[in-house]
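Pasting protein_39.cif here (mmCIF, C-alpha atoms):
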```
data_run
#
loop_
_atom_site.label_atom_id
_atom_site.label_comp_id
_atom_site.auth_asym_id
_atom_site.auth_seq_id
_atom_site.Cartn_x
_atom_site.Cartn_y
_atom_site.Cartn_z
CA MET A 1 -10.15 10.29 -1.23
CA LEU A 2 -10.75 10.62 2.52
CA ASN A 3 -10.61 6.85 2.94
CA MET A 4 -7.26 6.83 1.14
CA LYS A 5 -5.97 9.52 3.51
CA LYS A 6 -7.11 7.57 6.55
CA LYS A 7 -5.38 4.44 5.28
CA THR A 8 -2.09 6.25 4.70
CA ASP A 9 -2.31 7.82 8.17
CA ARG A 10 -2.43 4.33 9.64
CA LEU A 11 0.76 3.09 7.97
CA SER A 12 3.19 1.91 10.56
CA SER A 13 6.80 2.96 10.49
CA GLY A 14 7.67 -0.70 9.89
CA THR A 15 5.58 -0.73 6.73
CA ILE A 16 7.28 2.41 5.54
CA VAL A 17 10.74 0.96 6.22
CA VAL A 18 9.89 -2.22 4.31
CA PHE A 19 8.55 -0.14 1.45
CA LEU A 20 11.69 1.98 1.31
CA LEU A 21 13.80 -1.16 1.21
CA ILE A 22 11.95 -2.55 -1.82
CA LEU A 23 11.51 0.80 -3.56
CA PRO A 24 14.86 0.62 -5.39
CA LEU A 25 13.81 -2.65 -6.99
CA LEU A 26 10.51 -1.17 -8.08
CA PHE A 27 12.25 1.95 -9.27
CA ILE A 28 14.68 0.06 -11.45
CA SER A 29 12.02 -2.17 -13.00
CA CYS A 30 9.21 0.34 -13.42
CA GLU A 31 10.39 3.92 -13.35
CA ARG A 32 12.96 4.02 -16.04
CA GLY A 33 10.60 2.88 -18.78
CA GLU A 34 13.73 1.86 -20.61
CA LYS A 35 16.88 0.05 -19.71
CA ALA A 36 20.03 2.11 -19.75
CA SER A 37 21.25 0.07 -22.72
CA ASP A 38 18.05 0.87 -24.66
CA LYS A 39 18.89 4.56 -24.90
CA ASN A 40 20.90 4.20 -28.12
CA ARG A 41 23.80 6.39 -27.18
CA GLY A 42 25.02 6.60 -30.74
CA GLY A 43 24.43 3.02 -31.80
CA THR A 44 28.02 2.01 -31.09
CA PRO A 45 28.25 -1.73 -30.55
CA VAL A 46 29.97 -2.74 -27.34
CA THR A 47 31.77 -6.04 -26.95
CA GLY A 48 33.56 -7.61 -24.07
CA PRO A 49 32.95 -8.88 -20.59
CA ILE A 50 30.27 -7.55 -18.30
CA ILE A 51 32.07 -8.38 -15.08
CA ASP A 52 35.42 -6.70 -14.56
CA THR A 53 37.40 -6.66 -11.35
CA ASN A 54 39.44 -3.65 -12.44
CA THR A 55 37.77 -0.43 -11.28
CA GLY A 56 40.01 1.86 -13.34
CA ALA A 57 38.14 3.23 -16.36
CA GLY A 58 41.14 2.86 -18.67
CA GLY A 59 41.34 -0.89 -18.05
CA VAL A 60 37.61 -1.31 -18.58
CA ILE A 61 37.72 0.66 -21.81
CA ASP A 62 40.72 -1.30 -23.06
CA ARG A 63 39.20 -4.71 -22.27
CA LEU A 64 35.87 -3.79 -23.82
CA ASN A 65 37.56 -2.72 -27.04
CA ILE A 66 35.59 0.50 -27.27
CA ASP A 67 36.65 3.84 -28.63
CA ASN A 68 38.01 5.73 -25.62
CA LYS A 69 37.28 9.03 -27.36
CA SER A 70 33.61 8.26 -27.99
CA PRO A 71 31.44 9.37 -25.08
CA GLU A 72 28.53 7.45 -26.58
CA ALA A 73 30.48 4.18 -26.70
CA ILE A 74 31.80 4.72 -23.17
CA ALA A 75 28.32 5.49 -21.83
CA ALA A 76 26.90 2.43 -23.60
CA ALA A 77 29.52 0.26 -21.89
CA ALA A 78 28.70 1.95 -18.57
CA ASP A 79 25.05 1.11 -19.15
CA ARG A 80 25.96 -2.58 -19.44
CA TYR A 81 27.79 -2.44 -16.12
CA PHE A 82 24.92 -0.53 -14.50
CA GLU A 83 22.35 -3.07 -15.63
CA SER A 84 24.42 -5.97 -14.37
CA GLY A 85 24.82 -4.29 -10.96
CA ASN A 86 28.51 -3.49 -11.39
CA TYR A 87 28.08 0.09 -10.23
CA LEU A 88 31.74 0.82 -9.48
CA GLN A 89 32.71 0.04 -13.06
CA ALA A 90 29.72 1.97 -14.36
CA ILE A 91 30.68 5.00 -12.26
CA ASP A 92 34.19 5.10 -13.73
CA LEU A 93 32.83 4.96 -17.25
CA TYR A 94 30.02 7.49 -16.70
CA LYS A 95 32.61 9.91 -15.30
CA LYS A 96 34.76 9.41 -18.39
CA ALA A 97 31.74 9.95 -20.65
CA ILE A 98 30.90 13.18 -18.82
CA GLU A 99 34.50 14.31 -19.07
CA LEU A 100 34.32 13.88 -22.85
CA LYS A 101 30.78 15.24 -23.22
CA PRO A 102 29.87 17.46 -20.26
CA GLN A 103 26.33 18.11 -21.54
CA ASP A 104 25.27 14.42 -21.53
CA VAL A 105 22.43 14.60 -19.02
CA ASP A 106 21.77 10.86 -19.41
CA ALA A 107 25.27 10.15 -18.11
CA TYR A 108 24.67 12.46 -15.12
CA ASN A 109 21.40 10.66 -14.41
CA ASP A 110 22.94 7.21 -14.56
CA LEU A 111 26.07 8.28 -12.64
CA GLY A 112 23.85 9.65 -9.88
CA LEU A 113 21.86 6.45 -9.63
CA SER A 114 25.03 4.34 -9.64
CA LEU A 115 26.47 6.41 -6.80
CA HIS A 116 23.24 6.05 -4.85
CA TYR A 117 23.23 2.28 -5.26
CA ILE A 118 26.68 2.04 -3.68
CA ARG A 119 25.46 4.20 -0.79
CA ARG A 120 27.13 7.43 -1.83
CA SER A 121 23.82 9.26 -1.91
CA ASN A 122 25.14 12.73 -1.09
CA GLU A 123 27.43 12.55 -4.12
CA ALA A 124 24.52 11.20 -6.14
CA ILE A 125 22.36 14.16 -5.17
CA ASP A 126 25.11 16.61 -6.17
CA ILE A 127 25.53 14.94 -9.56
CA LEU A 128 21.79 14.78 -10.21
CA GLN A 129 21.39 18.44 -9.27
CA LYS A 130 24.11 19.34 -11.78
CA GLY A 131 22.18 17.40 -14.40
CA THR A 132 18.98 19.35 -13.68
CA LYS A 133 20.90 22.55 -14.42
CA ILE A 134 22.19 21.18 -17.72
CA ASN A 135 18.70 20.31 -18.93
CA PRO A 136 15.88 21.47 -16.66
CA ARG A 137 13.30 19.80 -18.95
CA TYR A 138 14.82 16.32 -18.73
CA GLN A 139 12.22 14.44 -16.74
CA ASN A 140 14.32 11.38 -15.87
CA ILE A 141 16.87 13.40 -13.94
CA TRP A 142 14.17 15.06 -11.82
CA LEU A 143 12.60 11.68 -11.12
CA SER A 144 15.95 10.16 -10.18
CA LEU A 145 16.79 13.12 -7.94
CA GLY A 146 13.41 12.85 -6.21
CA PHE A 147 13.88 9.13 -5.73
CA VAL A 148 17.37 9.53 -4.22
CA LEU A 149 16.20 12.35 -1.96
CA ALA A 150 13.30 10.22 -0.72
CA GLN A 151 15.59 7.24 -0.17
CA SER A 152 17.89 9.55 1.82
CA GLY A 153 15.04 10.61 4.11
CA ARG A 154 14.86 14.11 2.64
CA ASN A 155 11.13 13.84 1.95
CA ASP A 156 10.31 17.55 1.85
CA GLU A 157 12.93 18.13 -0.84
CA ALA A 158 11.87 14.96 -2.63
CA LYS A 159 8.27 16.18 -2.84
CA ILE A 160 9.34 19.44 -4.51
CA VAL A 161 11.57 17.64 -7.00
CA LEU A 162 9.03 14.92 -7.78
CA LYS A 163 6.38 17.59 -8.38
CA GLN A 164 8.78 19.17 -10.87
CA ALA A 165 9.21 15.79 -12.59
CA GLN A 166 5.46 15.30 -12.75
CA ASP A 167 4.82 18.82 -14.03
CA ILE A 168 7.16 18.39 -17.00
CA ASN A 169 4.71 15.88 -18.46
CA PRO A 170 2.31 13.95 -16.23
CA GLU A 171 1.38 11.56 -19.08
CA THR A 172 4.81 9.96 -19.56
CA PRO A 173 5.90 6.89 -17.59
CA GLN A 174 8.22 9.18 -15.63
CA GLY A 175 5.38 11.57 -14.85
CA VAL A 176 3.19 8.71 -13.69
CA GLU A 177 6.02 7.32 -11.53
CA ALA A 178 6.65 10.77 -10.02
CA LYS A 179 2.98 11.02 -9.11
CA SER A 180 3.07 7.57 -7.56
CA LEU A 181 6.14 8.39 -5.48
CA LEU A 182 4.56 11.67 -4.38
CA GLN A 183 1.47 9.86 -3.16
CA MET A 184 3.65 7.50 -1.14
CA LEU A 185 5.46 10.41 0.50
CA LYS A 186 2.27 12.13 1.68
#
```
Can you present the structure in this file as structure tokens?
Amino acid sequence: MLNMKKKTDRLSSGTIVVFLLILPLLFISCERGEKASDKNRGGTPVTGPIIDTNTGAGGVIDRLNIDNKSPEAIAAAADRYFESGNYLQAIDLYKKAIELKPQDVDAYNDLGLSLHYIRRSNEAIDILQKGTKINPRYQNIWLSLGFVLAQSGRNDEAKIVLKQAQDINPETPQGVEAKSLLQMLK
């Protein structure tokens, strides 16, 4: 363990910067353990285009031919946009899903990550914090909040939040990822 500590003490700031630049890619591919579309938000099939130049949620909903009163269908469509990197469209739909079902902690989690990926990290942190209050035992939201805090340079806060994520259940993929991120922040 001492050798590990000595090695981390020798990390250059350049190495840390490079790591922080690639961390979002690792986070997306490893941390989630599931794709947003794998969550089965009610099993509602979603049809329509992935790429949409209209950022208004009504237009997206109309063109996707989904039930605009079904938060599950709206969130499933948002998941498709999220996974294809169309975060602006995803944000509009996650907001609509939350409006219809304010207790949907998954939608808060994914909305927060979408906001972060378009560099609106302060908004992302606010949304993720709201989600932790809705369901304090939902491990994904703690992990996402810790990740966004770390990406925003708020490492002390990130450590506290990631510890919370790990403590919920250290054996899950999210618990393992939280531990890994904590070790990188030390």
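CA of Lys95 in chain A is found 27.4 Å from CA of Ile160 in chain A.
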Note to self: Report as a PyMOL selection string all protein, DNA and RNA residues lying within 7 Å of Gln166 in chain A, evaluated on all atoms listed in the file, omitting residues in the same chain fewer than 6 positions from it.
What the structure shows: chain A and resi 175+178-179
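Atom pair CA of Leu128 in chain A / CA of Ser180 in chain A: separated by 20.2 Å.
Those residues returned by the PyMOL selection byres ((chain A and resi 96) around 10) for this file are Ala57, Gly58, Ile61, Asn68, Lys69, Ser70, Pro71, Ile74, Ala75, Ala78, Ala90, Ile91, Asp92, Leu93, Tyr94, Lys95, Ala97, Ile98, Glu99, Leu100, Lys101, Pro102 and Ala107 of chain A.
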Checklist line | Residue neighbourhood Ser121 in chain A, 9 Å, only C-alpha atoms, exclusion window fewer than 2 positions, as a PyMOL selection string | finding: chain A and resi 112-113+115-119+123-126+148-149+151-152
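A straight line drawn from CA of Lys130 in chain A to CA of Leu145 in chain A is 10.3 Å long.
The shortest atom-to-atom distance to Asn155 in chain A, with all atoms listed in the file taken into account, belongs to A:Met184 out of A:Ala76, A:Leu111, A:Met184, A:Leu88.
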